[in-house]
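Visitor: File work.txt below, compact mmCIF, C-alpha atoms:
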```txt
# COMPACT_ATOMS: atom_id res chain seq x y z
CA MET Y 1 0.00 0.00 0.00
CA SER Y 2 1.44 3.35 -0.97
CA THR Y 3 0.98 6.85 0.32
CA ASP Y 4 -2.06 6.97 -1.97
CA ALA Y 5 -3.88 4.82 0.59
CA ARG Y 6 -7.27 6.27 1.42
CA PHE Y 7 -7.90 6.75 5.15
CA LEU Y 8 -11.18 7.12 7.03
CA ILE Y 9 -10.86 8.94 10.35
CA VAL Y 10 -13.75 8.24 12.75
CA ASP Y 11 -14.12 10.39 15.87
CA ASP Y 12 -16.98 12.37 17.39
CA PHE Y 13 -14.64 15.27 18.25
CA SER Y 14 -13.82 17.40 15.22
CA THR Y 15 -10.58 18.60 16.82
CA MET Y 16 -9.31 15.03 17.10
CA ARG Y 17 -10.31 14.30 13.49
CA ARG Y 18 -8.30 17.32 12.36
CA ILE Y 19 -5.33 16.35 14.50
CA VAL Y 20 -5.25 12.81 13.08
CA ARG Y 21 -5.77 14.09 9.53
CA ASN Y 22 -2.88 16.58 9.90
CA LEU Y 23 -0.61 13.95 11.42
CA LEU Y 24 -1.39 11.50 8.63
CA LYS Y 25 -0.56 14.22 6.13
CA GLU Y 26 2.74 14.87 7.88
CA ILE Y 27 3.70 11.21 7.68
CA GLY Y 28 2.82 11.07 4.01
CA PHE Y 29 -0.87 10.13 3.80
CA SER Y 30 -2.85 13.07 2.51
CA ASN Y 31 -5.85 11.13 1.20
CA ALA Y 32 -8.26 11.07 4.15
CA GLU Y 33 -11.97 11.47 4.84
CA GLU Y 34 -13.75 12.01 8.16
CA ALA Y 35 -16.80 10.54 9.90
CA GLU Y 36 -18.28 11.66 13.23
CA ASP Y 37 -19.47 8.25 14.44
CA GLY Y 38 -19.50 4.55 13.60
CA GLN Y 39 -22.77 4.64 11.70
CA VAL Y 40 -21.64 7.45 9.40
CA ALA Y 41 -18.34 5.64 8.93
CA LEU Y 42 -20.07 2.38 8.03
CA ASN Y 43 -22.20 4.14 5.44
CA MET Y 44 -19.11 5.78 3.94
CA LEU Y 45 -17.23 2.47 3.89
CA LYS Y 46 -20.08 0.82 2.01
CA ALA Y 47 -20.35 3.70 -0.44
CA ALA Y 48 -16.67 4.12 -1.35
CA LYS Y 49 -13.38 2.28 -1.19
CA PHE Y 50 -11.12 2.92 1.79
CA ASP Y 51 -7.78 1.29 2.59
CA PHE Y 52 -7.42 2.12 6.28
CA VAL Y 53 -9.69 3.11 9.17
CA VAL Y 54 -8.52 5.09 12.21
CA SER Y 55 -11.35 4.98 14.74
CA ASP Y 56 -12.21 6.25 18.20
CA ILE Y 57 -14.19 3.89 20.47
CA ASN Y 58 -16.46 6.01 22.64
CA MET Y 59 -18.87 7.63 20.17
CA PRO Y 60 -22.62 8.20 19.99
CA ASN Y 61 -24.95 6.24 17.68
CA MET Y 62 -22.42 3.52 16.91
CA ASN Y 63 -19.20 3.13 18.90
CA GLY Y 64 -15.86 1.90 17.63
CA PHE Y 65 -16.39 -1.68 18.82
CA GLU Y 66 -19.71 -1.91 16.97
CA LEU Y 67 -18.15 -0.44 13.85
CA LEU Y 68 -15.36 -3.00 14.07
CA LYS Y 69 -17.89 -5.82 14.54
CA HIS Y 70 -19.90 -4.70 11.50
CA MET Y 71 -16.79 -4.38 9.39
CA ARG Y 72 -15.45 -7.81 10.32
CA ALA Y 73 -18.85 -9.37 9.57
CA ASP Y 74 -19.04 -7.74 6.15
CA GLU Y 75 -17.28 -9.64 3.38
CA SER Y 76 -16.34 -6.49 1.48
CA LEU Y 77 -15.01 -4.63 4.55
CA LYS Y 78 -13.40 -7.27 6.71
CA GLY Y 79 -10.00 -6.91 5.08
CA ILE Y 80 -9.64 -3.21 5.85
CA PRO Y 81 -7.22 -2.57 8.73
CA VAL Y 82 -8.70 -0.71 11.70
CA LEU Y 83 -6.49 1.23 14.10
CA MET Y 84 -8.29 2.18 17.32
CA VAL Y 85 -7.24 5.59 18.69
CA THR Y 86 -9.04 6.12 21.96
CA ALA Y 87 -8.98 7.43 25.51
CA GLU Y 88 -10.28 4.07 26.73
CA ALA Y 89 -7.27 2.73 28.55
CA LYS Y 90 -8.84 -0.27 30.28
CA LYS Y 91 -7.16 -3.57 29.59
CA GLU Y 92 -10.48 -5.26 28.94
CA ASP Y 93 -11.18 -2.71 26.19
CA ILE Y 94 -7.81 -3.31 24.59
CA VAL Y 95 -8.38 -7.06 24.78
CA ALA Y 96 -11.89 -6.66 23.38
CA ALA Y 97 -10.54 -4.60 20.49
CA ALA Y 98 -7.90 -7.19 19.71
CA GLN Y 99 -10.40 -10.03 19.91
CA GLY Y 100 -12.81 -8.05 17.76
CA GLY Y 101 -10.23 -7.84 14.99
CA ALA Y 102 -8.62 -4.44 15.50
CA SER Y 103 -5.27 -4.07 13.76
CA GLY Y 104 -3.82 -1.73 16.36
CA TYR Y 105 -4.69 0.33 19.44
CA ILE Y 106 -3.42 3.75 20.47
CA VAL Y 107 -4.36 5.40 23.75
CA LYS Y 108 -4.88 9.16 23.76
CA PRO Y 109 -2.97 11.35 24.28
CA PHE Y 110 -0.48 10.12 21.73
CA THR Y 111 2.45 11.39 19.68
CA LYS Y 112 3.07 11.67 15.98
CA ALA Y 113 5.80 9.04 16.29
CA THR Y 114 3.36 6.56 17.84
CA LEU Y 115 0.78 7.06 15.11
CA GLU Y 116 3.41 6.77 12.40
CA GLU Y 117 4.87 3.61 13.90
CA LYS Y 118 1.48 1.89 14.22
CA VAL Y 119 0.27 2.89 10.77
CA GLN Y 120 3.50 1.75 9.09
CA LYS Y 121 3.50 -1.51 11.04
CA ILE Y 122 -0.08 -2.28 10.04
CA LEU Y 123 0.56 -1.37 6.42
CA GLN Y 124 3.62 -3.63 6.34
CA LYS Y 125 1.52 -6.51 7.63
CA VAL Y 126 -1.19 -5.86 5.08
CA THR Y 127 1.23 -5.76 2.16
CA ALA Y 128 3.35 -8.70 3.38
CA MET K 129 -18.01 25.69 39.13
CA ALA K 130 -18.95 23.07 41.61
CA SER K 131 -17.95 25.35 44.44
CA SER K 132 -19.99 28.15 42.89
CA VAL K 133 -23.10 26.03 42.72
CA HIS K 134 -22.46 24.85 46.25
CA ALA K 135 -22.06 28.44 47.42
CA GLU K 136 -25.37 29.40 45.83
CA VAL K 137 -27.10 26.58 47.62
CA LEU K 138 -25.52 27.72 50.87
CA ASP K 139 -26.58 31.31 50.24
CA LEU K 140 -30.14 30.27 49.64
CA SER K 141 -30.26 28.28 52.82
CA ALA K 142 -28.39 30.79 54.98
CA ASP K 143 -31.39 32.82 56.30
CA THR K 144 -33.43 29.78 57.18
CA ARG K 145 -30.70 27.95 59.10
CA PRO K 146 -31.82 28.63 62.72
CA ALA K 147 -35.43 27.69 61.98
CA ARG K 148 -34.28 24.68 60.02
CA GLY K 149 -32.05 23.60 62.87
CA ARG K 150 -35.02 23.45 65.23
CA ARG K 151 -37.20 21.86 62.59
CA ARG K 152 -34.54 19.26 61.85
CA LYS K 153 -34.26 18.28 65.49
CA ARG K 154 -37.98 17.71 65.68
CA ALA K 155 -38.00 16.05 62.29
CA VAL K 156 -35.09 13.77 63.13
CA ALA K 157 -36.98 12.54 66.16
CA ALA K 158 -40.11 12.02 64.07
CA ALA K 159 -38.16 10.45 61.21
CA GLY K 160 -36.33 8.25 63.67
CA ALA K 161 -39.64 6.82 64.75
CA GLU K 162 -40.62 6.38 61.12
CA VAL K 163 -37.32 4.84 60.19
CA ASN K 164 -37.67 2.52 63.13
CA ASP K 165 -41.17 1.77 61.91
CA GLY K 166 -39.69 1.14 58.52
CA VAL K 167 -37.13 -1.24 59.97
CA ALA K 168 -39.92 -2.99 61.81
CA ILE K 169 -41.77 -3.40 58.52
CA ILE K 170 -38.82 -4.86 56.72
CA GLY K 171 -37.58 -6.89 59.63
CA ASP K 172 -34.16 -6.95 61.19
CA THR K 173 -30.91 -6.57 59.29
CA SER K 174 -29.75 -10.13 59.79
CA GLY K 175 -31.48 -11.06 56.57
CA ALA K 176 -29.41 -8.53 54.66
CA VAL K 177 -26.24 -9.87 56.21
CA SER K 178 -27.33 -13.35 55.34
CA LEU K 179 -28.14 -12.23 51.79
CA ALA K 180 -24.70 -10.74 51.40
CA ALA K 181 -23.05 -13.77 52.89
CA THR K 182 -24.87 -16.44 50.97
CA GLY K 183 -25.47 -14.70 47.64
CA PRO K 184 -28.70 -13.97 45.79
CA ASP K 185 -29.48 -17.60 44.99
CA ALA K 186 -29.95 -18.52 48.61
CA ALA K 187 -31.90 -15.35 49.45
CA MET K 188 -35.59 -14.51 49.60
CA PRO K 189 -37.75 -14.37 46.48
CA ALA K 190 -37.37 -11.30 44.24
CA GLN K 191 -40.85 -10.08 45.12
CA ASP K 192 -39.86 -9.74 48.77
CA ILE K 193 -36.82 -7.72 47.82
CA TYR K 194 -38.91 -5.36 45.68
CA HIS K 195 -41.37 -5.04 48.54
CA ARG K 196 -38.61 -4.09 50.94
CA ILE K 197 -37.10 -1.58 48.49
CA GLY K 198 -40.57 -0.06 48.07
CA ASN K 199 -40.97 0.29 51.80
CA LEU K 200 -37.53 1.83 52.18
CA THR K 201 -38.28 4.33 49.41
CA ARG K 202 -41.52 5.33 51.11
CA VAL K 203 -39.71 5.81 54.42
CA LEU K 204 -37.03 7.88 52.73
CA HIS K 205 -39.59 10.11 51.01
CA ASP K 206 -41.45 10.70 54.25
CA ALA K 207 -38.25 11.33 56.17
CA LEU K 208 -37.06 13.84 53.57
CA ARG K 209 -40.32 15.71 53.79
CA GLU K 210 -40.28 15.75 57.56
CA LEU K 211 -36.67 16.89 57.63
CA GLY K 212 -37.42 19.74 55.26
CA TYR K 213 -35.06 18.36 52.64
CA ASP K 214 -37.77 18.65 50.01
CA LYS K 215 -36.89 22.35 49.86
CA ASP K 216 -33.20 21.55 49.51
CA LEU K 217 -34.11 19.14 46.75
CA ALA K 218 -36.12 21.86 45.04
CA ALA K 219 -33.12 24.21 45.24
CA THR K 220 -30.82 21.48 43.94
CA ARG K 221 -33.20 20.75 41.11
CA GLU K 222 -33.12 24.46 40.20
CA HIS K 223 -29.34 24.50 40.14
CA LEU K 224 -28.72 21.29 38.24
CA PRO K 225 -29.72 22.67 34.82
CA HIS K 226 -27.36 25.60 35.47
CA ALA K 227 -24.54 23.20 36.33
CA ARG K 228 -25.30 21.16 33.22
CA ASP K 229 -25.39 24.24 31.00
CA ARG K 230 -22.12 25.43 32.47
CA LEU K 231 -20.41 22.16 31.75
CA ALA K 232 -21.77 22.21 28.21
CA TYR K 233 -20.53 25.79 27.93
CA ILE K 234 -17.02 24.73 28.99
CA ALA K 235 -17.07 21.93 26.44
CA ARG K 236 -18.16 24.34 23.69
CA VAL K 237 -15.69 27.12 24.55
CA THR K 238 -12.72 24.78 24.90
CA GLY K 239 -13.71 23.16 21.60
CA GLU K 240 -13.84 26.53 19.88
CA ALA K 241 -10.46 27.45 21.36
CA ALA K 242 -8.98 24.20 20.09
CA GLU K 243 -10.42 24.83 16.63
CA LYS K 244 -8.94 28.35 16.58
CA VAL K 245 -5.50 27.02 17.48
CA LEU K 246 -5.78 24.32 14.81
CA ASN K 247 -6.76 26.95 12.23
CA ALA K 248 -3.77 29.05 13.26
CA VAL K 249 -1.48 26.02 12.98
CA ASP K 250 -2.82 25.29 9.50
CA HIS K 251 -2.17 28.88 8.40
CA ALA K 252 1.31 28.86 9.91
CA ARG K 253 2.09 25.58 8.13
CA THR K 254 1.06 27.09 4.81
CA VAL K 255 3.31 30.12 5.38
CA GLN K 256 6.16 27.80 6.40
CA SER K 257 5.77 25.68 3.29
CA GLU K 258 5.80 28.75 1.03
CA LEU K 259 8.89 30.03 2.82
CA VAL K 260 10.70 26.74 2.32
CA GLN K 261 9.75 26.60 -1.36
CA GLN K 262 10.98 30.16 -1.95
CA ALA K 263 14.18 29.53 -0.02
CA THR K 264 14.90 26.37 -2.00
CA SER K 265 14.37 28.16 -5.29
CA LEU K 266 16.58 31.10 -4.32
CA ARG K 267 19.27 28.82 -2.91
CA MET K 268 19.59 26.97 -6.21
CA ARG K 269 19.89 30.23 -8.11
CA TRP K 270 22.49 31.59 -5.69
CA GLN K 271 24.49 28.39 -5.95
CA ALA K 272 24.80 29.09 -9.67
CA VAL K 273 25.95 32.62 -8.87
CA ARG K 274 28.43 31.14 -6.35
CA LEU K 275 30.01 28.98 -9.00
CA TYR K 276 30.27 31.97 -11.30
CA ALA K 277 31.71 34.18 -8.54
CA ALA K 278 34.29 31.55 -7.62
CA GLY K 279 35.47 31.37 -11.17
CA GLN K 280 34.43 27.77 -11.56
CA ILE K 281 32.49 28.78 -14.61
CA GLY K 282 35.08 30.23 -16.94
CA ALA K 283 38.80 30.61 -16.34
CA HIS K 284 38.91 33.70 -14.14
CA GLU K 285 37.38 34.76 -10.90
CA ARG K 286 34.38 36.89 -11.60
CA ALA K 287 33.85 38.57 -8.24
CA THR K 288 35.68 40.45 -5.53
CA PRO K 289 36.42 38.68 -2.17
CA ALA K 290 33.65 40.72 -0.55
CA GLY K 291 31.24 39.66 -3.27
CA ARG K 292 32.16 35.98 -2.88
CA ARG K 293 31.73 36.24 0.89
CA LEU K 294 28.29 37.76 0.41
CA VAL K 295 27.27 34.94 -1.93
CA ASP K 296 28.60 32.29 0.51
CA GLU K 297 26.74 33.77 3.46
CA THR K 298 23.52 34.06 1.47
CA CYS K 299 23.79 30.41 0.42
CA ALA K 300 24.43 29.37 4.04
CA PHE K 301 21.41 31.34 5.15
CA PHE K 302 19.16 29.61 2.62
CA ALA K 303 20.58 26.23 3.60
CA GLY K 304 19.82 26.97 7.27
CA LEU K 305 16.25 27.91 6.51
CA ASP K 306 15.37 24.27 5.88
CA GLY K 307 16.48 23.25 9.36
CA GLN K 308 14.70 26.19 10.96
CA ALA K 309 11.51 25.35 9.06
CA ASP K 310 11.74 21.74 10.26
CA ARG K 311 12.07 22.90 13.86
CA THR K 312 9.10 25.27 13.48
CA GLN K 313 7.05 22.44 11.94
CA ALA K 314 7.86 20.25 14.94
CA ILE K 315 6.71 23.01 17.30
CA LEU K 316 3.48 23.43 15.32
CA THR K 317 2.90 19.68 15.53
CA ASP K 318 3.31 19.85 19.31
CA ILE K 319 0.82 22.74 19.49
CA MET K 320 -1.61 20.78 17.33
CA LEU K 321 -1.32 17.64 19.45
CA ALA K 322 -1.82 19.66 22.63
CA GLN K 323 -5.35 20.39 21.40
CA ASP K 324 -6.36 16.82 22.13
CA PHE K 325 -7.30 18.12 25.59
CA HIS K 326 -10.65 19.03 24.06
CA ASP K 327 -11.37 15.42 23.21
CA LEU K 328 -10.13 14.11 26.56
CA THR K 329 -11.81 16.67 28.81
CA GLY K 330 -14.88 16.74 26.59
CA GLN K 331 -15.51 13.04 27.11
CA VAL K 332 -15.40 13.50 30.88
CA ILE K 333 -17.64 16.56 30.72
CA ARG K 334 -20.16 14.69 28.58
CA LYS K 335 -20.38 11.95 31.16
CA VAL K 336 -20.89 14.47 33.97
CA VAL K 337 -23.56 16.26 31.91
CA ALA K 338 -25.36 12.96 31.35
CA LEU K 339 -25.10 12.17 35.06
CA ALA K 340 -26.48 15.60 35.99
CA HIS K 341 -29.32 15.08 33.53
CA ASP K 342 -30.23 11.71 35.08
CA MET K 343 -30.04 13.13 38.59
CA GLU K 344 -32.24 16.02 37.57
CA GLU K 345 -34.87 13.71 36.14
CA GLN K 346 -34.87 11.59 39.27
CA LEU K 347 -35.09 14.65 41.49
CA VAL K 348 -38.01 15.96 39.46
CA ARG K 349 -39.82 12.66 39.92
CA LEU K 350 -39.04 12.69 43.64
CA LEU K 351 -40.28 16.27 43.95
CA LEU K 352 -43.49 15.49 42.11
CA GLU K 353 -44.14 12.72 44.57
CA THR K 354 -43.29 14.65 47.73
CA THR K 355 -44.05 18.35 47.20
CA PRO K 356 -47.56 19.81 47.16
CA ALA K 357 -48.17 21.77 43.93
CA GLU K 358 -48.90 25.06 45.70
CA GLN K 359 -45.51 25.00 47.40
CA ARG K 360 -43.51 24.78 44.23
CA LYS K 361 -41.83 28.09 43.67
CA ARG K 362 -39.31 29.22 41.22
CA VAL K 363 -36.02 30.38 42.65
CA GLU K 364 -35.43 33.99 41.76
CA ALA K 365 -33.25 34.30 38.72
CA GLU K 366 -29.64 34.82 39.66
CA ARG K 367 -27.97 38.12 38.94
CA LEU K 368 -24.39 38.66 37.73
CA ALA K 369 -24.34 35.06 36.67
CA GLY K 370 -21.25 35.42 34.45
CA PRO K 371 -21.13 34.34 30.80
CA VAL K 372 -24.39 33.23 29.26
CA VAL K 373 -23.85 29.54 28.81
CA ASN K 374 -27.10 28.76 27.02
CA PRO K 375 -28.71 31.72 25.23
CA ARG K 376 -31.23 29.54 23.39
CA GLY K 377 -34.79 30.64 23.99
CA ARG K 378 -33.73 33.60 26.11
CA GLU K 379 -34.70 37.09 25.11
CA ASP K 380 -33.06 38.74 28.08
CA VAL K 381 -29.52 38.22 26.87
CA VAL K 382 -27.37 39.18 23.90
CA THR K 383 -25.31 36.66 22.02
CA ASP K 384 -22.81 38.83 20.19
CA GLN K 385 -21.28 42.31 20.05
CA ALA K 386 -23.58 43.39 17.18
CA GLN K 387 -26.57 42.91 19.45
CA VAL K 388 -24.83 44.94 22.15
CA ASP K 389 -24.16 47.74 19.65
CA ASP K 390 -27.74 47.62 18.36
CA LEU K 391 -29.09 47.82 21.87
CA LEU K 392 -26.84 50.74 22.75
CA ALA K 393 -27.81 52.50 19.49
CA SER K 394 -31.50 52.04 20.31
CA LEU K 395 -30.79 53.76 23.62
CA GLY K 396 -29.18 56.70 21.82
CA PHE K 397 -25.51 55.89 22.56
```
How does this structure look as structure tokens?
Guide:
Amino acid sequence: MSTDARFLIVDDFSTMRRIVRNLLKEIGFSNAEEAEDGQVALNMLKAAKFDFVVSDINMPNMNGFELLKHMRADESLKGIPVLMVTAEAKKEDIVAAAQGGASGYIVKPFTKATLEEKVQKILQKVTA
Amino acid sequence: MASSVHAEVLDLSADTRPARGRRRKRAVAAAGAEVNDGVAIIGDTSGAVSLAATGPDAAMPAQDIYHRIGNLTRVLHDALRELGYDKDLAATREHLPHARDRLAYIARVTGEAAEKVLNAVDHARTVQSELVQQATSLRMRWQAVRLYAAGQIGAHERATPAGRRLVDETCAFFAGLDGQADRTQAILTDIMLAQDFHDLTGQVIRKVVALAHDMEEQLVRLLLETTPAEQRKRVEAERLAGPVVNPRGREDVVTDQAQVDDLLASLGF
């Protein structure tokens, strides 16, 4: 996957969406769209092709876990890597995300280096 | 904010304290009898200890538990009324929407502040990028001049020592701009990442707002059950309440400077 990879950033806080979008741009991924919750994200994923999802967990309407569950149950979406970026720091949440099929998990607050490392690691796995 | 709300509650109760003190003493005695009555109704506490010790499977049927909870609720309602806490509840119920609005206000204002900073960072990044592009372009052109001045193009030196020094220093300056731009970009990234406080604090505030909303609903229900309709009074609107946290539906406040100016103009200022 190249830097042309299309990202979907899912977070109910617009500031966080902008921060992630800017960071992705800095590390070489300028093709990104935004969704304010899991339901909107799911609709966007079904309507257009995305290569990578960066999602919060605690969101209204549909949270990150539910989004992940829907994606993994959908034949056309289950191959898309999902990186959880969230303030939920409980071990059980991290375990639940891993068991649910998340590709990575970042706890807020985070650094640019952390995001870059996780994204690159996931992309390497996908392309391997 | 919590202390402010608390202070307002204290202020409201300040002039009634001596009377309430006497009333509470009488009420405590009366409530004590009722609580005792309540205990008599539900039996002694050994059952509860036994319930805790043996787990719910070995305990009494669910209907008995609901019956006991119902009795306890009734006793609590009566005790609150006797103790005069129904008035405190009414005051609390009045203040909860204010507390909720204030929390929502904090969430909104901090969000707007974060957005402003992010906008500023975006603008600064654009300026930085343009600066780097211009510097790169000029550096390449000056490098050509440097070669010419040093005589590397053609057989003879083309410039004076002072001229060559000027070209060298200009090239060094342009070369340094890249590093400076990188450092500024790193600072802008730090500023941008610092704005995640809005997400982190906002999530906590949302939970507190939801909690306040639930408490308010429960208090309203409790009040409806315990307070006679004729005794329900609205607390006088507070004065000098600070920023207007929720202007929606209010005609007694302005929401921007234009409205202030219009109002002043209508008054002849």
Visitor: May I have the residues within 10 Å of Lys46 (chain Y) as a list in words, using only C-alpha atoms and disregarding those fewer than 2 positions away in the same chain?
Guide: Ala41, Leu42, Asn43, Met44, Ala48, Lys49, Phe50, Met71, Asp74, Ser76 and Leu77 of chain Y
Visitor: Determine, using only C-alpha atoms, which residues of chain Y have any atom at most 7 Å from an atom of chain K, and tabulate each with its shortest atom pair and distance in Å to one decimal place, rows ordered by chain and then rising number, as CSV.
Guide:
```
residue,atom,partner,partner_atom,distance
Y:Phe13,CA,K:Asp327,CA,5.9
Y:Thr15,CA,K:Glu243,CA,6.2
Y:Met16,CA,K:Asp324,CA,6.1
Y:Ile19,CA,K:Met320,CA,6.4
Y:Ala87,CA,K:Leu328,CA,6.9
Y:Pro109,CA,K:Asp324,CA,6.8
```
Visitor: Which value, in Å to one decimal, gives the distance between CA of Gln261 (chain K) and CA of Thr312 (chain K)?
Guide: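 According to the coordinates, CA of Gln261 (chain K) and CA of Thr312 (chain K) are separated by 14.9 Å.
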Visitor: Would you work out the distance separating CA of Ile197 (chain K) from CA of Leu339 (chain K), expressed in Å to one decimal?
Guide: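 Atom-to-atom, CA of Ile197 (chain K) to CA of Leu339 (chain K), that is 22.7 Å.
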Visitor: Rounded to one decimal, what separation in Å do you get between CA of Leu294 (chain K) and CA of Asp306 (chain K)?
Guide: 19.5 Å
Visitor: With a distance cut-off of 10 Å and all atoms listed in the file, select the neighbouring residues of Ala102 (chain Y), excluding the residue or stretch itself and same-chain residues fewer than 5 positions from it, and output the selection as a PyMOL selection string.
Guide: chain Y and resi 53+55+64-65+68-69+72+80-84+94-97
Visitor: Set the distance at 8 Å and use only C-alpha atoms: which residues neighbour region 112-117 of chain Y once local chain neighbours fewer than 2 positions away are removed? I'd like the list as a list in words.
Guide: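 Using only C-alpha atoms, the neighbours found are Leu23, Leu24, Ile27, Ile106, Phe110, Val119, Gln120 and Lys121 of chain Y.
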Visitor: Using all atoms listed in the file, find the one residue out of Y:Arg6, Y:Lys78, Y:Arg18, Y:Lys125 that sits nearest to Gly100 (chain Y).
Guide: Y:Lys78
Visitor: Can you list every residue of region 8-70 of chain Y that has an atom at most 12 Å from region 332-338 of chain K, with its nearest atom pair and the distance in Å to one decimal, using all atoms listed in the file, ordered by chain then number, as a Markdown table?
Guide:
```
| residue | atom | partner | partner_atom | distance |
| --- | --- | --- | --- | --- |
| Y:Asp12 | CA | K:Arg334 | CA | 11.9 |
| Y:Phe13 | CA | K:Arg334 | CA | 11.7 |
| Y:Asn58 | CA | K:Lys335 | CA | 11.1 |
| Y:Met59 | CA | K:Arg334 | CA | 11.1 |
| Y:Pro60 | CA | K:Arg334 | CA | 11.0 |
```
Visitor: As a ChimeraX atom specification, please: the residues near Ser30 (chain Y) (cut-off 8 Å, all atoms listed in the file, same-chain neighbours under 6 positions excluded).
Guide: /Y:3-4,21,24
